[in-house]
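Structure file query.pdb; described as PDB, C-alpha atoms, pLDDT in the B column.
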```pdb
ATOM      1  CA  MET A1467      -3.709  -5.412 -13.234  1.00 82.00           C
ATOM      2  CA  THR A1468      -4.935  -5.976  -9.671  1.00 90.00           C
ATOM      3  CA  ILE A1469      -7.528  -3.939  -7.767  1.00 91.00           C
ATOM      4  CA  PRO A1470      -4.876  -2.572  -5.344  1.00 89.00           C
ATOM      5  CA  ASN A1471      -2.747  -1.446  -8.319  1.00 90.00           C
ATOM      6  CA  LEU A1472      -5.778   0.278  -9.855  1.00 92.00           C
ATOM      7  CA  ILE A1473      -6.381   2.055  -6.549  1.00 92.00           C
ATOM      8  CA  SER A1474      -2.728   3.213  -6.522  1.00 92.00           C
ATOM      9  CA  LEU A1475      -3.153   4.504 -10.085  1.00 94.00           C
ATOM     10  CA  PHE A1476      -6.326   6.312  -9.000  1.00 95.00           C
ATOM     11  CA  ARG A1477      -4.289   7.976  -6.220  1.00 94.00           C
ATOM     12  CA  LEU A1478      -1.705   9.032  -8.793  1.00 95.00           C
ATOM     13  CA  PHE A1479      -4.458  10.580 -10.930  1.00 95.00           C
ATOM     14  CA  LEU A1480      -5.726  12.493  -7.873  1.00 96.00           C
ATOM     15  CA  VAL A1481      -2.460  14.446  -7.711  1.00 97.00           C
ATOM     16  CA  PRO A1482      -3.256  16.980 -10.480  1.00 97.00           C
ATOM     17  CA  ILE A1483      -6.734  17.510  -9.018  1.00 97.00           C
ATOM     18  CA  VAL A1484      -5.346  18.223  -5.549  1.00 97.00           C
ATOM     19  CA  ILE A1485      -2.695  20.550  -6.993  1.00 98.00           C
ATOM     20  CA  TRP A1486      -5.296  22.385  -9.099  1.00 98.00           C
ATOM     21  CA  ALA A1487      -7.399  22.889  -5.956  1.00 98.00           C
ATOM     22  CA  LEU A1488      -4.357  24.222  -4.076  1.00 98.00           C
ATOM     23  CA  VAL A1489      -3.295  26.546  -6.893  1.00 98.00           C
ATOM     24  CA  ASP A1490      -6.819  27.959  -7.135  1.00 97.00           C
ATOM     25  CA  ARG A1491      -6.963  28.158  -3.330  1.00 97.00           C
ATOM     26  CA  HIS A1492      -9.917  25.769  -3.065  1.00 98.00           C
ATOM     27  CA  TYR A1493      -8.501  24.350   0.132  1.00 97.00           C
ATOM     28  CA  SER A1494     -11.632  22.377   1.061  1.00 97.00           C
ATOM     29  CA  TYR A1495     -11.418  20.498  -2.251  1.00 98.00           C
ATOM     30  CA  ALA A1496      -7.696  19.966  -1.769  1.00 98.00           C
ATOM     31  CA  LEU A1497      -8.371  18.606   1.727  1.00 98.00           C
ATOM     32  CA  LEU A1498     -11.037  16.275   0.361  1.00 97.00           C
ATOM     33  CA  GLY A1499      -8.708  15.023  -2.402  1.00 97.00           C
ATOM     34  CA  PHE A1500      -5.865  14.585   0.086  1.00 96.00           C
ATOM     35  CA  PHE A1501      -8.168  12.680   2.455  1.00 95.00           C
ATOM     36  CA  VAL A1502      -9.444  10.426  -0.360  1.00 96.00           C
ATOM     37  CA  ALA A1503      -5.846   9.770  -1.407  1.00 94.00           C
ATOM     38  CA  GLY A1504      -5.000   8.795   2.170  1.00 90.00           C
ATOM     39  CA  LEU A1505      -7.959   6.435   2.387  1.00 93.00           C
ATOM     40  CA  SER A1506      -7.053   4.895  -0.966  1.00 92.00           C
ATOM     41  CA  ASP A1507      -3.527   4.283   0.332  1.00 88.00           C
ATOM     42  CA  LEU A1508      -4.895   2.380   3.311  1.00 88.00           C
ATOM     43  CA  LEU A1509      -7.371   0.510   1.122  1.00 90.00           C
ATOM     44  CA  ASP A1510      -4.895  -0.658  -1.522  1.00 86.00           C
ATOM     45  CA  GLY A1511      -2.501  -2.008   1.106  1.00 83.00           C
ATOM     46  CA  PHE A1512      -5.292  -3.741   2.991  1.00 87.00           C
ATOM     47  CA  LEU A1513      -6.717  -5.314  -0.173  1.00 88.00           C
ATOM     48  CA  ALA A1514      -3.299  -6.416  -1.436  1.00 85.00           C
ATOM     49  CA  ARG A1515      -2.680  -8.297   1.805  1.00 87.00           C
ATOM     50  CA  LYS A1516      -6.238  -9.617   2.222  1.00 87.00           C
ATOM     51  CA  MET A1517      -6.609 -10.756  -1.400  1.00 88.00           C
ATOM     52  CA  LYS A1518      -3.001 -12.011  -1.460  1.00 84.00           C
ATOM     53  CA  CYS A1519      -2.360 -10.091  -4.654  1.00 84.00           C
ATOM     54  CA  GLN A1520       0.794  -8.180  -3.810  1.00 84.00           C
ATOM     55  CA  THR A1521       2.693  -7.532  -7.035  1.00 86.00           C
ATOM     56  CA  THR A1522       6.075  -6.180  -8.026  1.00 83.00           C
ATOM     57  CA  LEU A1523       4.286  -3.327  -9.808  1.00 86.00           C
ATOM     58  CA  GLY A1524       2.336  -2.533  -6.643  1.00 84.00           C
ATOM     59  CA  LYS A1525       5.522  -2.580  -4.580  1.00 83.00           C
ATOM     60  CA  TYR A1526       6.748   0.374  -6.651  1.00 81.00           C
ATOM     61  CA  LEU A1527       3.467   2.016  -7.659  1.00 87.00           C
ATOM     62  CA  ASP A1528       2.117   2.456  -4.121  1.00 88.00           C
ATOM     63  CA  PRO A1529       5.082   4.396  -2.671  1.00 85.00           C
ATOM     64  CA  LEU A1530       5.471   6.290  -5.971  1.00 89.00           C
ATOM     65  CA  ALA A1531       1.879   7.535  -5.743  1.00 92.00           C
ATOM     66  CA  ASP A1532       2.464   8.564  -2.116  1.00 90.00           C
ATOM     67  CA  LYS A1533       5.679  10.406  -2.894  1.00 91.00           C
ATOM     68  CA  VAL A1534       4.358  12.161  -6.000  1.00 95.00           C
ATOM     69  CA  LEU A1535       1.379  13.434  -4.010  1.00 95.00           C
ATOM     70  CA  LEU A1536       3.451  14.591  -1.039  1.00 95.00           C
ATOM     71  CA  VAL A1537       6.190  16.242  -3.083  1.00 96.00           C
ATOM     72  CA  ALA A1538       3.660  18.000  -5.343  1.00 97.00           C
ATOM     73  CA  VAL A1539       1.690  19.267  -2.345  1.00 98.00           C
ATOM     74  CA  TYR A1540       4.837  20.388  -0.494  1.00 98.00           C
ATOM     75  CA  VAL A1541       6.158  22.256  -3.542  1.00 98.00           C
ATOM     76  CA  THR A1542       2.782  23.915  -4.187  1.00 98.00           C
ATOM     77  CA  LEU A1543       2.308  24.963  -0.558  1.00 98.00           C
ATOM     78  CA  GLY A1544       5.903  26.193  -0.531  1.00 98.00           C
ATOM     79  CA  LEU A1545       5.386  28.308  -3.643  1.00 98.00           C
ATOM     80  CA  GLN A1546       2.297  29.791  -1.989  1.00 97.00           C
ATOM     81  CA  GLY A1547       4.364  30.717   1.065  1.00 96.00           C
ATOM     82  CA  ILE A1548       2.349  28.431   3.340  1.00 97.00           C
ATOM     83  CA  LEU A1549       5.240  26.053   3.966  1.00 98.00           C
ATOM     84  CA  PRO A1550       8.704  27.485   4.555  1.00 98.00           C
ATOM     85  CA  SER A1551      11.021  27.026   1.584  1.00 98.00           C
ATOM     86  CA  TRP A1552      13.734  25.426   3.734  1.00 98.00           C
ATOM     87  CA  LEU A1553      11.327  22.639   4.708  1.00 98.00           C
ATOM     88  CA  VAL A1554      10.167  22.090   1.127  1.00 98.00           C
ATOM     89  CA  ILE A1555      13.779  21.847  -0.045  1.00 98.00           C
ATOM     90  CA  LEU A1556      14.607  19.408   2.765  1.00 98.00           C
ATOM     91  CA  VAL A1557      11.627  17.141   2.015  1.00 97.00           C
ATOM     92  CA  VAL A1558      12.219  17.146  -1.747  1.00 97.00           C
ATOM     93  CA  PHE A1559      15.982  16.602  -1.328  1.00 96.00           C
ATOM     94  CA  ARG A1560      15.412  13.607   0.983  1.00 95.00           C
ATOM     95  CA  ASP A1561      13.093  11.989  -1.571  1.00 92.00           C
ATOM     96  CA  PHE A1562      15.547  12.724  -4.386  1.00 92.00           C
ATOM     97  CA  LEU A1563      18.354  11.233  -2.279  1.00 91.00           C
ATOM     98  CA  ILE A1564      16.382   8.039  -1.666  1.00 85.00           C
ATOM     99  CA  LEU A1565      15.451   7.761  -5.350  1.00 85.00           C
ATOM    100  CA  ALA A1566      19.071   8.331  -6.411  1.00 85.00           C
ATOM    101  CA  GLY A1567      20.263   5.716  -3.912  1.00 81.00           C
ATOM    102  CA  ALA A1568      17.739   3.192  -5.213  1.00 76.00           C
ATOM    103  CA  LEU A1569      18.752   3.862  -8.810  1.00 81.00           C
ATOM    104  CA  LEU A1570      22.451   3.491  -7.953  1.00 78.00           C
ATOM    105  CA  ALA A1571      21.736   0.214  -6.156  1.00 73.00           C
ATOM    106  CA  ILE A1572      19.960  -1.060  -9.278  1.00 73.00           C
ATOM    107  CA  LEU A1573      22.685   0.266 -11.588  1.00 79.00           C
ATOM    108  CA  PHE A1574      25.478  -1.379  -9.619  1.00 74.00           C
ATOM    109  CA  LYS A1575      23.417  -4.507  -8.949  1.00 70.00           C
ATOM    110  CA  SER A1576      23.881  -4.035  -5.239  1.00 66.00           C
ATOM    111  CA  SER A1577      22.420  -6.539  -2.808  1.00 61.00           C
ATOM    112  CA  LEU A1578      20.732  -3.627  -1.035  1.00 61.00           C
ATOM    113  CA  LYS A1579      17.057  -4.206  -0.396  1.00 65.00           C
ATOM    114  CA  ILE A1580      15.025  -1.001  -0.325  1.00 65.00           C
ATOM    115  CA  THR A1581      12.684  -1.468   2.606  1.00 72.00           C
ATOM    116  CA  PRO A1582      11.006   1.309   4.549  1.00 77.00           C
ATOM    117  CA  LEU A1583      12.690   2.021   7.860  1.00 84.00           C
ATOM    118  CA  PHE A1584      10.669   2.827  10.993  1.00 91.00           C
ATOM    119  CA  ILE A1585      11.974   6.406  10.986  1.00 93.00           C
ATOM    120  CA  SER A1586      10.920   6.691   7.347  1.00 90.00           C
ATOM    121  CA  LYS A1587       7.380   5.666   8.251  1.00 88.00           C
ATOM    122  CA  ALA A1588       7.408   8.168  11.129  1.00 94.00           C
ATOM    123  CA  ASN A1589       8.633  10.823   8.697  1.00 94.00           C
ATOM    124  CA  THR A1590       5.877  10.070   6.200  1.00 90.00           C
ATOM    125  CA  LEU A1591       3.341  10.268   9.035  1.00 92.00           C
ATOM    126  CA  MET A1592       4.727  13.684  10.086  1.00 96.00           C
ATOM    127  CA  GLN A1593       4.659  14.964   6.507  1.00 96.00           C
ATOM    128  CA  LEU A1594       1.056  13.794   6.070  1.00 94.00           C
ATOM    129  CA  LEU A1595       0.005  15.167   9.461  1.00 95.00           C
ATOM    130  CA  LEU A1596       1.526  18.552   8.689  1.00 97.00           C
ATOM    131  CA  VAL A1597      -0.225  18.811   5.313  1.00 97.00           C
ATOM    132  CA  GLY A1598      -3.506  17.558   6.751  1.00 96.00           C
ATOM    133  CA  ILE A1599      -3.476  20.097   9.575  1.00 97.00           C
ATOM    134  CA  LEU A1600      -2.495  22.924   7.228  1.00 98.00           C
ATOM    135  CA  LEU A1601      -5.291  22.028   4.807  1.00 98.00           C
ATOM    136  CA  ILE A1602      -7.817  21.929   7.655  1.00 97.00           C
ATOM    137  CA  GLU A1603      -6.582  25.318   8.879  1.00 98.00           C
ATOM    138  CA  LEU A1604      -6.692  26.791   5.365  1.00 97.00           C
ATOM    139  CA  SER A1605     -10.176  25.371   4.765  1.00 97.00           C
ATOM    140  CA  CYS A1606     -11.394  26.980   8.006  1.00 97.00           C
ATOM    141  CA  GLU A1607      -9.400  30.165   7.278  1.00 95.00           C
ATOM    142  CA  ILE A1608      -7.694  29.975  10.665  1.00 94.00           C
ATOM    143  CA  LEU A1609      -3.934  29.473  10.967  1.00 92.00           C
ATOM    144  CA  TYR A1610      -2.121  28.523  14.171  1.00 96.00           C
ATOM    145  CA  PRO A1611       1.468  29.730  13.619  1.00 95.00           C
ATOM    146  CA  THR A1612       2.861  28.335  16.893  1.00 96.00           C
ATOM    147  CA  ILE A1613       1.491  24.839  16.240  1.00 95.00           C
ATOM    148  CA  ASN A1614       2.631  25.026  12.614  1.00 97.00           C
ATOM    149  CA  GLU A1615       6.170  26.064  13.573  1.00 97.00           C
ATOM    150  CA  PHE A1616       6.330  23.111  15.971  1.00 97.00           C
ATOM    151  CA  LEU A1617       5.132  20.763  13.200  1.00 98.00           C
ATOM    152  CA  PHE A1618       7.654  22.275  10.747  1.00 98.00           C
ATOM    153  CA  ILE A1619      10.475  21.475  13.185  1.00 98.00           C
ATOM    154  CA  LEU A1620       9.226  17.940  13.939  1.00 97.00           C
ATOM    155  CA  THR A1621       8.851  17.243  10.228  1.00 98.00           C
ATOM    156  CA  ALA A1622      12.352  18.576   9.562  1.00 98.00           C
ATOM    157  CA  ILE A1623      13.839  16.425  12.328  1.00 98.00           C
ATOM    158  CA  THR A1624      12.177  13.233  11.085  1.00 97.00           C
ATOM    159  CA  THR A1625      13.149  14.108   7.506  1.00 97.00           C
ATOM    160  CA  LEU A1626      16.808  14.539   8.481  1.00 97.00           C
ATOM    161  CA  LEU A1627      16.820  11.366  10.586  1.00 96.00           C
ATOM    162  CA  SER A1628      15.130   9.375   7.819  1.00 94.00           C
ATOM    163  CA  GLY A1629      17.474  10.610   5.080  1.00 92.00           C
ATOM    164  CA  GLY A1630      20.494  10.047   7.317  1.00 92.00           C
ATOM    165  CA  SER A1631      19.327   6.528   8.197  1.00 92.00           C
ATOM    166  CA  TYR A1632      19.056   5.573   4.531  1.00 86.00           C
ATOM    167  CA  VAL A1633      22.514   6.979   3.780  1.00 85.00           C
ATOM    168  CA  LYS A1634      23.969   5.069   6.737  1.00 86.00           C
ATOM    169  CA  LYS A1635      22.253   1.864   5.594  1.00 84.00           C
ATOM    170  CA  TRP A1636      23.626   2.312   2.064  1.00 79.00           C
ATOM    171  CA  LEU A1637      27.153   3.040   3.289  1.00 78.00           C
ATOM    172  CA  ASP A1638      27.081   0.002   5.578  1.00 78.00           C
ATOM    173  CA  ASN A1639      25.852  -2.127   2.671  1.00 75.00           C
ATOM    174  CA  ALA A1640      28.466  -0.707   0.276  1.00 68.00           C
ATOM    175  CA  SER A1641      31.263  -1.648   2.660  1.00 70.00           C
ATOM    176  CA  LYS A1642      30.001  -5.268   2.580  1.00 71.00           C
ATOM    177  CA  ASP A1643      29.713  -5.517  -1.253  1.00 59.00           C
TER
END
```
Starting from the file, lay out its structure as structure tokens.
Amino acid sequence: MTIPNLISLFRLFLVPIVIWALVDRHYSYALLGFFVAGLSDLLDGFLARKMKCQTTLGKYLDPLADKVLLVAVYVTLGLQGILPSWLVILVVFRDFLILAGALLAILFKSSLKITPLFISKANTLMQLLLVGILLIELSCEILYPTINEFLFILTAITTLLSGGSYVKKWLDNASKD
């Protein structure tokens, strides 16, 4: 077990703490946990490259920890009425679609390599930015509906483009196999 993998596991164990803070409306604690999770994500990637200890486990554990945190936070904020349900459904469906595509590729022994696309990275950034801003607003007890609506739309657009890009990539790959 490498240090970067332990950091990814730590991030995974932060998820229930962040969700507890959200459910109990301790938004400052949730923001702190979310921020620590973000820093740990940067740290594990940096250390894996610097220490040259990138592992197969880490290749799956790192994005899993990110996705579990984001999906759990989106669902919780959606249930609280802070995020619109249509956006929560879109974000969760995209992640489910990507997971299903990866599992099908494994099942059918496809030559498809699951690598993050640029639009996927932009989408993750938008999802993180949206949550971060909302948690700051909630911690300060000041909401900016116009800014939030704009961020909801940007996040939805990048989510649709990212999901569509993966589907296109898979279809192109399937026609070659």
Point (-8.2, 5.8, -1.3), cut-off 12 Å, counting only C-alpha atoms, residues as a VMD selection string | chain A and resid 1469 to 1480 1498 to 1513 1528 1531 to 1532
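Straight-line separation from CA of Leu1549 (chain A) to CA of Leu1565 (chain A): 22.9 Å.
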Can you tell me, as a list in words, what residues are no more than 9 Å from region 1606-1620 of chain A when counting all atoms listed in the file, ignoring any on the same chain fewer than 6 positions away?
-> Tyr1493, Ser1494, Leu1549, Pro1550, Leu1553, Asn1589, Met1592, Gln1593, Leu1595, Leu1596, Ile1599 and Leu1600 of chain A
Take the residues from that selection and write them out as a short mmCIF file (atom, residue, chain, number, x, y, z; two decimals), in the coordinates of the input, keeping C-alpha atoms.
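The result, stored in again29.cif:
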```cif
data_model
loop_
_atom_site.label_atom_id
_atom_site.label_comp_id
_atom_site.auth_asym_id
_atom_site.auth_seq_id
_atom_site.Cartn_x
_atom_site.Cartn_y
_atom_site.Cartn_z
CA TYR A 1493 -8.50 24.35 0.13
CA SER A 1494 -11.63 22.38 1.06
CA LEU A 1549 5.24 26.05 3.97
CA PRO A 1550 8.70 27.48 4.56
CA LEU A 1553 11.33 22.64 4.71
CA ASN A 1589 8.63 10.82 8.70
CA MET A 1592 4.73 13.68 10.09
CA GLN A 1593 4.66 14.96 6.51
CA LEU A 1595 0.00 15.17 9.46
CA LEU A 1596 1.53 18.55 8.69
CA ILE A 1599 -3.48 20.10 9.57
CA LEU A 1600 -2.50 22.92 7.23
#
```
Selection near Leu1563 (chain A), 8 Å with all atoms listed in the file, sequence-local residues under 4 positions removed, as a list in words = Phe1559, Gly1567 and Gly1629 of chain A
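Between CA of Met1467 (chain A) and CA of Leu1591 (chain A) the interatomic distance comes to 28.1 Å.
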Padding 6 Å on each side, edges along x, y and z: where is the centre of the box around the listed atoms of region 1617-1627 of chain A, and how long are its edges in Å to one decimal? Output it as lines of an AutoDock Vina configuration file.
```
center_x = 11.0
center_y = 16.8
center_z = 10.7
size_x = 23.7
size_y = 22.9
size_z = 18.4
```
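What the PyMOL selection byres ((chain A and resi 1538-1542) around 8) matches in the given file is Val1481, Val1484, Ile1485, Leu1488, Val1489, Val1534, Leu1535, Leu1536, Val1537, Leu1543, Gly1544, Leu1545, Gln1546, Leu1549, Val1554, Val1557 and Val1597 of chain A.
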Compile the contact shell of Phe1584 (chain A) as a VMD selection string: residues with an atom at most 10 Å away, counting only C-alpha atoms, same-chain residues fewer than 6 positions apart removed.
-> chain A and resid 1590 1628 1631
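Our summary of the geometry notes that CA of Lys1575 (chain A) is positioned 19.5 Å from CA of Phe1562 (chain A).
The closest residue to Met1517 (chain A), picked from A:Ile1623, A:Leu1637, A:Thr1468, A:Leu1573 and counting all atoms listed in the file, is A:Thr1468.
Compared by their closest atoms to Leu1556 (chain A), and using all atoms listed in the file, the residues A:Ala1622, A:Leu1497, A:Leu1627, A:Leu1601 rank with A:Ala1622 nearest.
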From the list A:Ser1605, A:Thr1625, A:Thr1581, A:Ser1586, which residue is nearest Lys1525 (chain A) when using all atoms listed in the file?
-> A:Thr1581
Pick from A:Leu1583, A:Ala1571, A:Leu1594, A:Ile1602 nearest to Trp1636 (chain A), counting only C-alpha atoms | A:Ala1571
